[in-house]
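Trainee: mmCIF, C-alpha atoms and all ligand atoms, file my_file26.cif:
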data_coords
#
loop_
_atom_site.label_atom_id
_atom_site.label_comp_id
_atom_site.auth_asym_id
_atom_site.auth_seq_id
_atom_site.Cartn_x
_atom_site.Cartn_y
_atom_site.Cartn_z
CA MET A 394 -7.70 -7.06 -13.16
CA LEU A 395 -10.43 -9.47 -12.34
CA PHE A 396 -13.85 -7.94 -12.81
CA ARG A 397 -17.29 -9.31 -11.97
CA ARG A 398 -20.67 -7.93 -10.95
CA ALA A 399 -21.49 -7.40 -7.30
CA SER A 400 -23.31 -5.02 -5.00
CA GLU A 401 -21.53 -4.31 -1.73
CA LEU A 402 -17.79 -4.67 -1.75
CA ILE A 403 -15.47 -5.07 1.17
CA GLY A 404 -11.88 -3.85 1.17
CA LEU A 405 -9.50 -6.51 2.43
CA ASP A 406 -5.81 -5.76 2.98
CA ILE A 407 -3.85 -8.91 3.75
CA GLY A 408 -0.67 -7.38 5.13
CA SER A 409 2.23 -9.36 6.48
CA SER A 410 1.62 -8.18 10.05
CA SER A 411 -2.16 -7.88 10.06
CA ILE A 412 -5.33 -8.32 8.03
CA LYS A 413 -7.54 -5.27 7.75
CA VAL A 414 -11.12 -5.15 6.54
CA VAL A 415 -13.29 -2.16 5.74
CA GLN A 416 -16.72 -1.44 4.34
CA LEU A 417 -17.71 2.04 3.24
CA LYS A 418 -21.01 3.46 2.10
CA GLU A 419 -20.77 6.01 -0.65
CA ILE A 420 -23.32 8.68 -1.44
CA GLU A 421 -22.33 11.15 -4.15
CA GLY A 422 -18.65 10.96 -3.39
CA ASN A 423 -19.09 11.15 0.39
CA TYR A 424 -18.04 8.11 2.37
CA THR A 425 -19.34 6.74 5.66
CA LEU A 426 -17.64 3.94 7.53
CA THR A 427 -19.88 0.94 8.08
CA ARG A 428 -17.34 -1.73 9.09
CA PHE A 429 -13.72 -1.65 10.17
CA GLY A 430 -11.60 -4.34 11.77
CA MET A 431 -8.00 -5.39 12.04
CA VAL A 432 -6.38 -8.55 13.34
CA SER A 433 -2.68 -9.29 13.90
CA LEU A 434 -0.84 -12.16 12.29
CA ALA A 435 2.08 -13.91 13.95
CA PRO A 436 5.32 -13.03 12.13
CA GLU A 437 5.76 -16.51 10.62
CA MET A 438 2.33 -16.62 8.91
CA ILE A 439 3.14 -14.32 5.99
CA VAL A 440 6.84 -13.74 5.40
CA ASP A 441 7.88 -11.07 2.90
CA GLY A 442 4.59 -11.39 1.07
CA THR A 443 4.61 -15.20 0.93
CA ILE A 444 1.76 -16.93 2.73
CA MET A 445 3.49 -19.58 4.85
CA ASP A 446 0.57 -20.75 6.96
CA SER A 447 -2.57 -20.48 4.87
CA VAL A 448 -4.63 -22.66 7.23
CA ARG A 449 -4.21 -20.25 10.13
CA CYS A 450 -4.57 -17.20 7.88
CA VAL A 451 -7.90 -18.54 6.57
CA GLU A 452 -9.12 -19.13 10.12
CA ILE A 453 -8.12 -15.65 11.23
CA LEU A 454 -9.76 -14.08 8.19
CA GLN A 455 -13.00 -16.03 8.75
CA ASN A 456 -13.10 -14.90 12.38
CA LEU A 457 -12.47 -11.29 11.41
CA ILE A 458 -15.38 -11.36 8.94
CA LYS A 459 -17.62 -12.97 11.54
CA ASP A 460 -16.62 -10.57 14.33
CA GLN A 461 -17.40 -7.63 12.08
CA SER A 462 -20.80 -9.14 11.10
CA ILE A 463 -19.89 -8.74 7.45
CA THR A 464 -22.38 -10.43 5.17
CA SER A 465 -21.09 -9.33 1.77
CA LYS A 466 -18.86 -11.91 0.11
CA ASP A 467 -17.33 -9.70 -2.56
CA ALA A 468 -13.84 -8.60 -1.63
CA VAL A 469 -11.37 -6.18 -3.17
CA ILE A 470 -7.87 -7.31 -2.32
CA SER A 471 -4.47 -6.00 -3.34
CA LEU A 472 -0.95 -7.13 -4.03
CA SER A 473 2.41 -5.41 -3.77
CA GLY A 474 6.12 -6.10 -3.83
CA HIS A 475 8.30 -8.09 -6.20
CA SER A 476 5.44 -9.80 -8.03
CA VAL A 477 3.92 -6.52 -9.13
CA ILE A 478 5.21 -4.21 -11.85
CA VAL A 479 3.67 -0.80 -12.45
CA LYS A 480 5.16 1.47 -15.08
CA LYS A 481 4.27 4.57 -16.99
CA VAL A 482 5.34 4.03 -20.60
CA VAL A 483 5.17 6.11 -23.77
CA LEU A 484 3.60 4.44 -26.81
CA PRO A 485 2.50 5.75 -30.21
CA GLN A 486 -1.09 6.94 -30.10
CA MET A 487 -3.67 4.23 -30.76
CA THR A 488 -7.20 3.40 -29.68
CA GLU A 489 -7.95 1.45 -26.52
CA ASP A 490 -8.99 -1.56 -28.63
CA GLU A 491 -5.78 -1.45 -30.64
CA LEU A 492 -3.77 -1.24 -27.44
CA ALA A 493 -5.69 -4.17 -25.94
CA GLU A 494 -4.65 -6.18 -29.01
CA SER A 495 -1.00 -5.24 -28.87
CA ILE A 496 -0.41 -4.76 -25.16
CA ARG A 497 1.25 -8.11 -24.53
CA TRP A 498 3.74 -7.48 -27.30
CA GLU A 499 4.33 -3.85 -26.24
CA ALA A 500 4.70 -4.82 -22.59
CA GLU A 501 7.30 -7.48 -23.16
CA GLN A 502 10.20 -5.02 -23.05
CA TYR A 503 9.03 -3.42 -19.77
CA ILE A 504 8.23 -6.51 -17.75
CA PRO A 505 11.07 -8.58 -16.31
CA PHE A 506 8.95 -11.77 -16.21
CA ASP A 507 7.75 -14.17 -18.86
CA ILE A 508 4.69 -12.46 -20.30
CA ASN A 509 2.76 -15.73 -20.04
CA ASP A 510 3.26 -15.74 -16.27
CA VAL A 511 1.55 -12.41 -15.62
CA ASN A 512 -1.91 -10.89 -15.69
CA MET A 513 -1.85 -7.46 -17.24
CA ASP A 514 -3.93 -4.34 -17.27
CA PHE A 515 -3.42 -0.86 -18.69
CA GLN A 516 -4.87 2.59 -18.65
CA ILE A 517 -4.28 5.37 -21.19
CA LEU A 518 -3.38 8.42 -19.08
CA ASN A 519 -3.13 11.12 -21.74
CA THR A 520 -2.00 11.82 -25.30
CA PHE A 521 0.55 14.40 -26.40
CA ALA A 522 2.70 15.42 -29.38
CA ASP A 523 6.41 14.65 -29.11
CA ALA A 524 9.25 16.93 -30.25
CA GLU A 525 8.79 15.75 -33.85
CA GLY A 526 5.06 16.38 -33.72
CA LYS A 527 4.16 12.68 -33.58
CA SER A 528 1.12 11.71 -31.48
CA GLN A 529 2.14 9.72 -28.44
CA MET A 530 0.40 8.59 -25.30
CA ASN A 531 1.32 7.92 -21.70
CA VAL A 532 0.09 4.51 -20.68
CA LEU A 533 -0.03 3.08 -17.19
CA LEU A 534 0.92 -0.56 -17.35
CA ALA A 535 0.33 -2.97 -14.46
CA ALA A 536 1.38 -6.60 -14.37
CA VAL A 537 0.96 -9.09 -11.55
CA LYS A 538 2.50 -12.54 -11.44
CA LYS A 539 -0.23 -15.14 -11.82
CA ASP A 540 1.13 -17.40 -9.08
CA LYS A 541 1.10 -14.56 -6.52
CA MET A 542 -2.41 -13.66 -7.53
CA THR A 543 -3.54 -17.27 -7.09
CA GLU A 544 -1.81 -17.48 -3.71
CA TYR A 545 -3.86 -14.55 -2.35
CA THR A 546 -7.14 -15.22 -4.16
CA SER A 547 -7.07 -18.86 -2.96
CA LEU A 548 -6.77 -17.71 0.64
CA VAL A 549 -9.74 -15.40 0.22
CA ILE A 550 -11.81 -18.09 -1.52
CA GLU A 551 -10.98 -20.64 1.18
CA ALA A 552 -12.26 -18.16 3.76
CA GLY A 553 -15.61 -18.17 1.93
CA LEU A 554 -15.25 -14.84 0.12
CA LYS A 555 -15.10 -13.91 -3.57
CA PRO A 556 -12.12 -11.85 -4.72
CA VAL A 557 -13.89 -9.63 -7.28
CA ILE A 558 -11.10 -7.09 -7.82
CA VAL A 559 -7.38 -7.60 -7.39
CA ASP A 560 -5.86 -4.16 -6.96
CA ILE A 561 -2.33 -2.97 -6.27
CA ASP A 562 -1.30 -1.25 -3.00
CA ALA A 563 0.02 1.80 -4.86
CA PHE A 564 -3.31 2.39 -6.61
CA ALA A 565 -5.24 1.83 -3.40
CA LEU A 566 -3.09 4.49 -1.72
CA GLU A 567 -3.79 6.88 -4.59
CA ASN A 568 -7.56 6.33 -4.29
CA MET A 569 -7.43 6.76 -0.51
CA TYR A 570 -5.53 10.03 -0.99
CA CYS A 571 -7.90 11.39 -3.64
CA ILE A 572 -11.05 10.89 -1.56
CA ASN A 573 -9.51 12.50 1.54
CA TYR A 574 -7.38 15.38 0.27
CA ASP A 575 -7.82 18.24 -2.16
CA VAL A 576 -5.65 17.50 -5.13
CA ARG A 577 -3.79 20.48 -6.55
CA GLU A 578 -2.86 20.47 -10.22
CA ASP A 579 0.49 22.15 -9.60
CA GLU A 580 1.62 19.85 -6.79
CA THR A 581 3.84 16.78 -6.79
CA ILE A 582 3.09 14.59 -3.78
CA ALA A 583 4.88 11.46 -2.58
CA LEU A 584 2.67 8.98 -0.73
CA ILE A 585 4.91 6.80 1.40
CA ASN A 586 3.49 3.81 3.22
CA VAL A 587 5.89 2.09 5.59
CA GLY A 588 4.40 -1.35 6.33
CA ALA A 589 5.93 -4.34 8.09
CA SER A 590 7.89 -5.93 5.24
CA LEU A 591 7.51 -3.32 2.52
CA THR A 592 7.56 0.40 1.93
CA ASN A 593 5.37 1.62 -0.94
CA ILE A 594 6.46 4.85 -2.59
CA ASN A 595 3.92 6.40 -4.88
CA ILE A 596 4.35 9.77 -6.58
CA LEU A 597 1.41 11.75 -7.91
CA GLN A 598 1.64 14.81 -10.13
CA GLY A 599 -1.52 16.90 -10.08
CA GLY A 600 -3.32 13.90 -8.60
CA THR A 601 -2.32 11.45 -11.34
CA PHE A 602 0.08 8.58 -11.21
CA ALA A 603 3.70 9.45 -12.01
CA PHE A 604 5.90 6.82 -10.37
CA THR A 605 5.77 3.91 -7.96
CA ARG A 606 8.26 1.60 -6.31
CA ASP A 607 8.00 -0.91 -3.48
CA VAL A 608 11.14 -1.42 -1.43
CA SER A 609 11.63 -4.49 0.75
CA ILE A 610 12.15 -2.79 4.08
CA GLY A 611 9.70 -1.73 6.78
CA GLY A 612 8.76 -2.16 10.42
CA ASN A 613 10.08 -5.73 10.61
CA LYS A 614 13.59 -4.40 10.18
CA TYR A 615 13.30 -2.39 13.42
CA THR A 616 12.06 -5.43 15.34
CA GLU A 617 14.74 -7.76 13.93
CA THR A 618 17.55 -5.28 14.58
CA ILE A 619 16.39 -4.48 18.14
CA GLN A 620 16.08 -8.23 18.81
CA LYS A 621 19.59 -8.88 17.61
CA ASP A 622 21.40 -5.81 18.97
CA LEU A 623 19.72 -5.74 22.38
CA GLY A 624 19.26 -9.51 22.76
CA LEU A 625 15.48 -9.32 23.21
CA SER A 626 12.62 -11.67 22.34
CA TYR A 627 10.48 -10.83 19.30
CA ASP A 628 7.62 -9.64 21.52
CA ASP A 629 9.83 -7.41 23.64
CA ALA A 630 11.54 -5.94 20.57
CA GLU A 631 8.14 -5.21 19.05
CA LYS A 632 7.05 -3.48 22.28
CA ALA A 633 10.28 -1.51 22.61
CA LYS A 634 10.06 -0.03 19.12
CA LYS A 635 6.49 1.10 19.83
CA GLY A 636 7.75 3.02 22.84
CA GLU A 637 6.29 0.58 25.39
CA ASN A 638 8.20 -0.23 28.57
CA VAL A 639 10.48 -3.24 28.41
CA GLU A 640 12.59 -4.22 31.40
CA GLY A 641 16.25 -3.43 30.94
CA VAL A 642 15.74 -1.28 27.84
CA ASP A 643 16.33 2.47 28.00
CA SER A 644 16.22 5.07 25.28
CA PHE A 645 19.99 5.55 25.57
CA THR A 646 20.59 2.10 24.05
CA LEU A 647 17.40 1.84 21.99
CA ASP A 648 17.37 5.19 20.16
CA PRO A 649 20.60 4.68 18.16
CA VAL A 650 19.37 1.25 16.99
CA ILE A 651 16.07 2.76 15.84
CA GLU A 652 17.90 5.64 14.18
CA ASN A 653 20.13 3.27 12.20
CA VAL A 654 17.13 1.47 10.75
CA SER A 655 15.33 4.75 10.02
CA ASN A 656 18.47 5.80 8.23
CA GLU A 657 18.34 2.70 6.05
CA ILE A 658 14.65 3.21 5.18
CA VAL A 659 15.19 6.89 4.40
CA SER A 660 18.13 5.97 2.14
CA GLU A 661 15.84 3.65 0.15
CA ILE A 662 13.26 6.43 -0.16
CA THR A 663 15.98 8.87 -1.27
CA ARG A 664 17.11 6.40 -3.92
CA SER A 665 13.54 6.04 -5.22
CA PHE A 666 13.11 9.81 -5.36
CA GLY A 667 16.32 9.86 -7.41
CA TYR A 668 14.83 7.39 -9.92
CA PHE A 669 11.71 9.52 -10.18
CA LYS A 670 13.75 12.70 -10.67
CA THR A 671 15.81 11.10 -13.44
CA ALA A 672 12.67 9.88 -15.21
CA SER A 673 10.76 13.13 -14.82
CA GLY A 674 13.47 15.66 -15.69
CA ASN A 675 14.25 16.68 -12.12
CA GLU A 676 10.71 17.36 -10.98
CA LYS A 677 10.54 18.70 -7.39
CA ILE A 678 8.56 16.78 -4.76
CA ASP A 679 6.51 19.34 -2.85
CA LYS A 680 5.27 17.22 0.01
CA ILE A 681 5.48 13.75 1.54
CA MET A 682 2.30 12.20 2.89
CA LEU A 683 3.28 9.44 5.30
CA GLY A 684 1.37 6.34 6.36
CA GLY A 685 1.78 2.65 7.23
CA GLY A 686 2.15 1.29 10.77
CA ALA A 687 5.91 1.70 10.90
CA SER A 688 5.65 5.41 10.07
CA LYS A 689 4.76 5.80 13.76
CA THR A 690 8.25 4.78 14.82
CA LYS A 691 9.81 7.39 17.10
CA ASN A 692 11.06 10.41 15.14
CA PHE A 693 10.68 8.73 11.74
CA GLY A 694 8.59 11.54 10.21
CA ASN A 695 10.92 14.26 11.52
CA TYR A 696 13.95 12.39 10.35
CA LEU A 697 12.49 11.91 6.87
CA GLN A 698 11.58 15.59 6.68
CA GLU A 699 15.07 16.67 7.70
CA ARG A 700 16.99 14.36 5.41
CA LEU A 701 14.87 14.92 2.32
CA GLU A 702 14.30 18.61 3.07
CA THR A 703 10.66 18.09 2.15
CA PRO A 704 7.64 18.75 4.39
CA VAL A 705 6.11 15.56 5.82
CA GLU A 706 2.48 15.21 6.84
CA MET A 707 0.83 12.12 8.35
CA LEU A 708 -1.85 10.55 6.15
CA ASN A 709 -5.28 10.11 7.65
CA PRO A 710 -7.33 7.68 5.54
CA PHE A 711 -10.46 8.67 7.50
CA ARG A 712 -9.93 12.43 7.05
CA LYS A 713 -13.13 12.94 5.07
CA VAL A 714 -14.82 9.65 5.98
CA GLN A 715 -17.81 10.01 8.29
CA ILE A 716 -17.34 7.85 11.39
CA PRO A 717 -20.65 6.98 13.05
CA PRO A 718 -20.68 7.26 16.88
CA GLU A 719 -20.84 3.49 17.41
CA PHE A 720 -17.16 3.26 16.41
CA ASP A 721 -14.47 3.67 19.07
CA SER A 722 -12.74 6.82 17.86
CA ALA A 723 -9.55 6.14 19.85
CA TYR A 724 -9.24 2.74 18.15
CA ILE A 725 -9.86 4.24 14.71
CA ASN A 726 -7.28 7.01 15.28
CA ASN A 727 -4.71 4.51 16.44
CA ALA A 728 -5.36 2.21 13.48
CA ALA A 729 -5.47 5.02 10.90
CA SER A 730 -1.87 4.75 9.73
CA MET A 731 -2.32 1.01 9.12
CA ALA A 732 -5.63 1.52 7.29
CA THR A 733 -4.26 3.57 4.37
CA VAL A 734 -4.38 0.72 1.83
CA VAL A 735 -7.60 -0.91 3.01
CA VAL A 736 -9.59 2.35 2.85
CA GLY A 737 -8.43 2.77 -0.75
CA LEU A 738 -9.62 -0.77 -1.49
CA GLY A 739 -12.96 -0.04 0.16
CA THR A 740 -13.58 2.88 -2.21
CA ARG A 741 -13.32 0.68 -5.31
CA ARG A 742 -16.46 0.01 -7.32
CA LEU A 743 -16.86 -2.57 -10.04
CA SER A 744 -17.34 0.08 -12.68
CA ASP A 745 -13.80 1.40 -11.94
CA LYS A 746 -10.94 0.60 -14.18
N1 LIG A 801 3.27 2.65 17.28
C1 LIG A 801 4.09 2.02 16.45
N2 LIG A 801 5.41 2.33 16.43
C2 LIG A 801 6.25 1.70 15.59
N3 LIG A 801 5.89 0.72 14.74
C3 LIG A 801 4.60 0.38 14.73
C4 LIG A 801 3.63 0.99 15.57
N4 LIG A 801 2.42 0.43 15.34
C5 LIG A 801 2.62 -0.51 14.37
N5 LIG A 801 3.92 -0.55 14.01
C6 LIG A 801 4.55 -1.44 13.03
O1 LIG A 801 3.92 -1.23 11.77
C7 LIG A 801 3.97 -2.43 11.00
C8 LIG A 801 2.60 -2.78 10.51
O2 LIG A 801 2.16 -1.79 9.63
P1 LIG A 801 1.12 -2.12 8.45
O3 LIG A 801 -0.12 -2.64 9.05
O4 LIG A 801 1.04 -0.89 7.63
O5 LIG A 801 1.91 -3.28 7.70
P2 LIG A 801 1.35 -4.53 6.88
O6 LIG A 801 0.34 -4.03 5.91
O7 LIG A 801 0.89 -5.59 7.82
O8 LIG A 801 2.66 -5.05 6.19
P3 LIG A 801 3.11 -5.12 4.64
O9 LIG A 801 2.28 -4.15 3.87
O10 LIG A 801 4.56 -4.74 4.66
O11 LIG A 801 2.90 -6.53 4.25
C9 LIG A 801 4.54 -3.51 11.92
O12 LIG A 801 5.91 -3.69 11.63
C10 LIG A 801 4.33 -2.91 13.30
O13 LIG A 801 5.27 -3.39 14.24
MG MG A 802 0.53 -3.18 4.00
#
Kindly transcribe the structure held in the file into structure tokens.
Ligand SMILES: Nc1ncnc2c1ncn2[C@@H]1O[C@H](COP(=O)(O)OP(=O)(O)OP(=O)(O)O)[C@@H](O)[C@H]1O
Ligand SMILES: [Mg+2]

Mentor:
Amino acid sequence: MLFRRASELIGLDIGSSSIKVVQLKEIEGNYTLTRFGMVSLAPEMIVDGTIMDSVRCVEILQNLIKDQSITSKDAVISLSGHSVIVKKVVLPQMTEDELAESIRWEAEQYIPFDINDVNMDFQILNTFADAEGKSQMNVLLAAVKKDKMTEYTSLVIEAGLKPVIVDIDAFALENMYCINYDVREDETIALINVGASLTNINILQGGTFAFTRDVSIGGNKYTETIQKDLGLSYDDAEKAKKGENVEGVDSFTLDPVIENVSNEIVSEITRSFGYFKTASGNEKIDKIMLGGGASKTKNFGNYLQERLETPVEMLNPFRKVQIPPEFDSAYINNAASMATVVVGLGTRRLSDK
């Protein structure tokens, strides 16, 4: 969406519960990890994707970059949630230049914001003949609200970096998946990333984009509900949901609270699958690949698998990434579920579209 020349890029995922940074070296499609770091944010710093305390966020980001001895300034960041619209639309066949000319007009009917308030990008996925023999094309349309983009790019600039690409979480997840897993033409895969404030649902058919939706529920909902129902502090609720010992909390009282929230998240995922099925003519989802920090919540994966009657596998964004011995492998394994988006950002190159 925002392209410029640069050499070494860093992937930077500014999540609402932590900032993650990654740098990857690529040789002929093989990736080696050169930098990886993650730092937590207090819950009031970024609330539901809105940066509330940019001064402290800038400080934390600067320290993270320094601690990781990162010298490159060129960052790939991403956005998600309400300010982002991604849609696959069918348009009459035309050239890329013609589409570039008419895209704003074409997009108006698909984008629920004033067209002047968004930055837009598109990609022609494929062309086909419709039932009447007319040439049509599937176009991937992405729009991001300008004010949200400025909010995040300003933070990055204030920290002394240059935001050279502004990506979208769903696309980053897709890139992360494609470098780590063998894509099968006949498979429909749902990538589900359960973060702190958002869950990204991204469906790929034969490795290409088919559907995406971000729903506003994630790990925060567990913490808030445990806090309220069990009368705990934020810190204790956060510990309890991660399975750590908290005085006065036993699994007899905690498990049903966790299960209720899991139930709510799974219902949102079910609803999204329903939208996809309606749009795709009842296409079956063969497998769910699960990531995001909150996907580690007790029994979440099993519960999802049972309710959706679809096999669930945990995503590993470092599956095919070489990890040099100087990295702490226990730390990397523990962080893996939270690194799904940032690894995808780290694979971006300026020549990509
Ligand atoms: N072991 C665990 N068990 C349960 N929840 C966990 C665990 N580890 C991390 N989490 C939760 O995962 C969430 C963070 O995940 P992630 O880093 O993917 O989110 P984020 O990118 O910061 O948020 P978002 O994308 O929604 O803005 C937090 O809610 C955190 O409490
Ligand atoms: Mg996230």

Trainee: Suppose you want the space between CA of Ser722 (chain A) and CA of Leu426 (chain A); what is it in Å?

Mentor: 11.8 Å

Trainee: Nearest to Val734 (chain A) among A:Asn586, A:Ile496, A:Leu518, A:Ala535, with distances taken over all atoms listed in the file: which residue is it?

Mentor: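 Closest candidate: A:Asn586.
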
Trainee: Write out as an MDAnalysis selection string the residues lying within 8 Å of region 609-617 of chain A, counting all atoms listed in the file and excluding same-chain residues fewer than 4 positions away.

Mentor: chainID A and resid 441 474 587:592 621 627 630:631 634 650:651 654 658 686:687

Trainee: Could you check the closest approach to Val479 (chain A) for each of A:Lys538, A:Lys713, A:Lys555, A:Arg449 and tell me which residue wins, using all atoms listed in the file?

Mentor: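 Checking each of A:Lys538, A:Lys713, A:Lys555, A:Arg449 against Val479 (chain A), counting all atoms listed in the file, the winner is A:Lys538.
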
Trainee: I'd like the neighbourhood of region 594-598 of chain A as a list in words, where a residue qualifies if any of its atoms comes within 9 Å (using only C-alpha atoms), though same-chain residues fewer than 5 positions away should be ignored.

Mentor: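 Neighbouring residues, sequence-local ones excluded: Ala563, Phe564, Leu566, Glu567, Arg577, Glu578, Asp579, Glu580, Thr581, Ile582, Ala583, Leu584, Ile585, Asn586, Val587, Ala603, Phe604, Thr605, Arg606, Asp607, Val608, Ile662, Ser665, Phe666, Phe669 and Ile678 of chain A.
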
Trainee: Contacts of Leu708 (chain A) at 6 Å or less, counting only C-alpha atoms, minus same-chain residues fewer than 2 places along, as a PyMOL selection string?

Mentor: chain A and resi 682-684

Trainee: Of the residues A:Ala468, A:Met487, A:Met438, A:Leu534, which is the one nearest to ligand LIG 801 (chain A), using all atoms listed in the file?

Mentor: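 Looking only at the distances to ligand LIG 801 (chain A), the closest residue turns out to be A:Met438.
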
Trainee: Would you mind telling me which residue in A:Thr671, A:Met513, A:Thr690, A:Ala728 lies nearest to Lys632 (chain A) when using all atoms listed in the file?

Mentor: A:Thr690

Trainee: Excluding Gln698 (chain A) and residues on its chain fewer than 6 positions from it, collect all residues at most 12 Å away from it, counting all atoms listed in the file, and give them as number ranges by chain.

Mentor: A: 655, 659, 662-663, 678-683, 692, 704-707

Trainee: Could you please take those selected residues and save C-alpha atoms as a compact mmCIF listing (two decimals), keeping the file's coordinate frame?

Mentor:
# COMPACT_ATOMS: atom_id res chain seq x y z
CA SER A 655 15.33 4.75 10.02
CA VAL A 659 15.19 6.89 4.40
CA ILE A 662 13.26 6.43 -0.16
CA THR A 663 15.98 8.87 -1.27
CA ILE A 678 8.56 16.78 -4.76
CA ASP A 679 6.51 19.34 -2.85
CA LYS A 680 5.27 17.22 0.01
CA ILE A 681 5.48 13.75 1.54
CA MET A 682 2.30 12.20 2.89
CA LEU A 683 3.28 9.44 5.30
CA ASN A 692 11.06 10.41 15.14
CA PRO A 704 7.64 18.75 4.39
CA VAL A 705 6.11 15.56 5.82
CA GLU A 706 2.48 15.21 6.84
CA MET A 707 0.83 12.12 8.35

Trainee: Complete region 692-712 of chain A at the level of N, CA and C atoms, written as a CSV table (one decimal), in the frame of the given file.

Mentor:
chain,number,residue,atom,x,y,z
A,692,ASN,N,10.3,9.4,15.9
A,692,ASN,CA,11.1,10.4,15.1
A,692,ASN,C,11.2,10.1,13.6
A,693,PHE,N,10.5,9.1,13.2
A,693,PHE,CA,10.7,8.7,11.7
A,693,PHE,C,10.3,9.9,10.8
A,694,GLY,N,9.1,10.4,11.1
A,694,GLY,CA,8.6,11.5,10.2
A,694,GLY,C,9.5,12.7,10.2
A,695,ASN,N,10.0,13.1,11.4
A,695,ASN,CA,10.9,14.3,11.5
A,695,ASN,C,12.2,14.0,10.8
A,696,TYR,N,12.7,12.8,11.0
A,696,TYR,CA,14.0,12.4,10.4
A,696,TYR,C,13.9,12.4,8.8
A,697,LEU,N,12.7,11.9,8.3
A,697,LEU,CA,12.5,11.9,6.9
A,697,LEU,C,12.4,13.4,6.3
A,698,GLN,N,11.7,14.2,7.1
A,698,GLN,CA,11.6,15.6,6.7
A,698,GLN,C,12.9,16.3,6.6
A,699,GLU,N,13.8,16.0,7.6
A,699,GLU,CA,15.1,16.7,7.7
A,699,GLU,C,16.0,16.2,6.6
A,700,ARG,N,16.0,14.9,6.4
A,700,ARG,CA,17.0,14.4,5.4
A,700,ARG,C,16.6,14.7,4.0
A,701,LEU,N,15.3,14.7,3.7
A,701,LEU,CA,14.9,14.9,2.3
A,701,LEU,C,14.5,16.4,2.1
A,702,GLU,N,14.6,17.2,3.1
A,702,GLU,CA,14.3,18.6,3.1
A,702,GLU,C,13.0,18.8,2.4
A,703,THR,N,12.0,18.0,2.8
A,703,THR,CA,10.7,18.1,2.2
A,703,THR,C,9.7,18.0,3.3
A,704,PRO,N,8.6,18.8,3.3
A,704,PRO,CA,7.6,18.8,4.4
A,704,PRO,C,7.0,17.4,4.4
A,705,VAL,N,6.8,16.9,5.6
A,705,VAL,CA,6.1,15.6,5.8
A,705,VAL,C,4.8,15.8,6.6
A,706,GLU,N,3.8,15.2,6.1
A,706,GLU,CA,2.5,15.2,6.8
A,706,GLU,C,2.0,13.8,7.0
A,707,MET,N,1.4,13.5,8.2
A,707,MET,CA,0.8,12.1,8.4
A,707,MET,C,-0.5,12.0,7.6
A,708,LEU,N,-0.6,10.8,6.9
A,708,LEU,CA,-1.8,10.6,6.2
A,708,LEU,C,-2.9,10.1,7.1
A,709,ASN,N,-4.1,10.6,6.9
A,709,ASN,CA,-5.3,10.1,7.6
A,709,ASN,C,-6.3,9.6,6.7
A,710,PRO,N,-6.4,8.3,6.5
A,710,PRO,CA,-7.3,7.7,5.5
A,710,PRO,C,-8.8,7.9,5.9
A,711,PHE,N,-9.1,8.4,7.1
A,711,PHE,CA,-10.5,8.7,7.5
A,711,PHE,C,-10.7,10.2,7.5
A,712,ARG,N,-9.8,11.0,6.9
A,712,ARG,CA,-9.9,12.4,7.0
A,712,ARG,C,-11.3,13.0,6.6
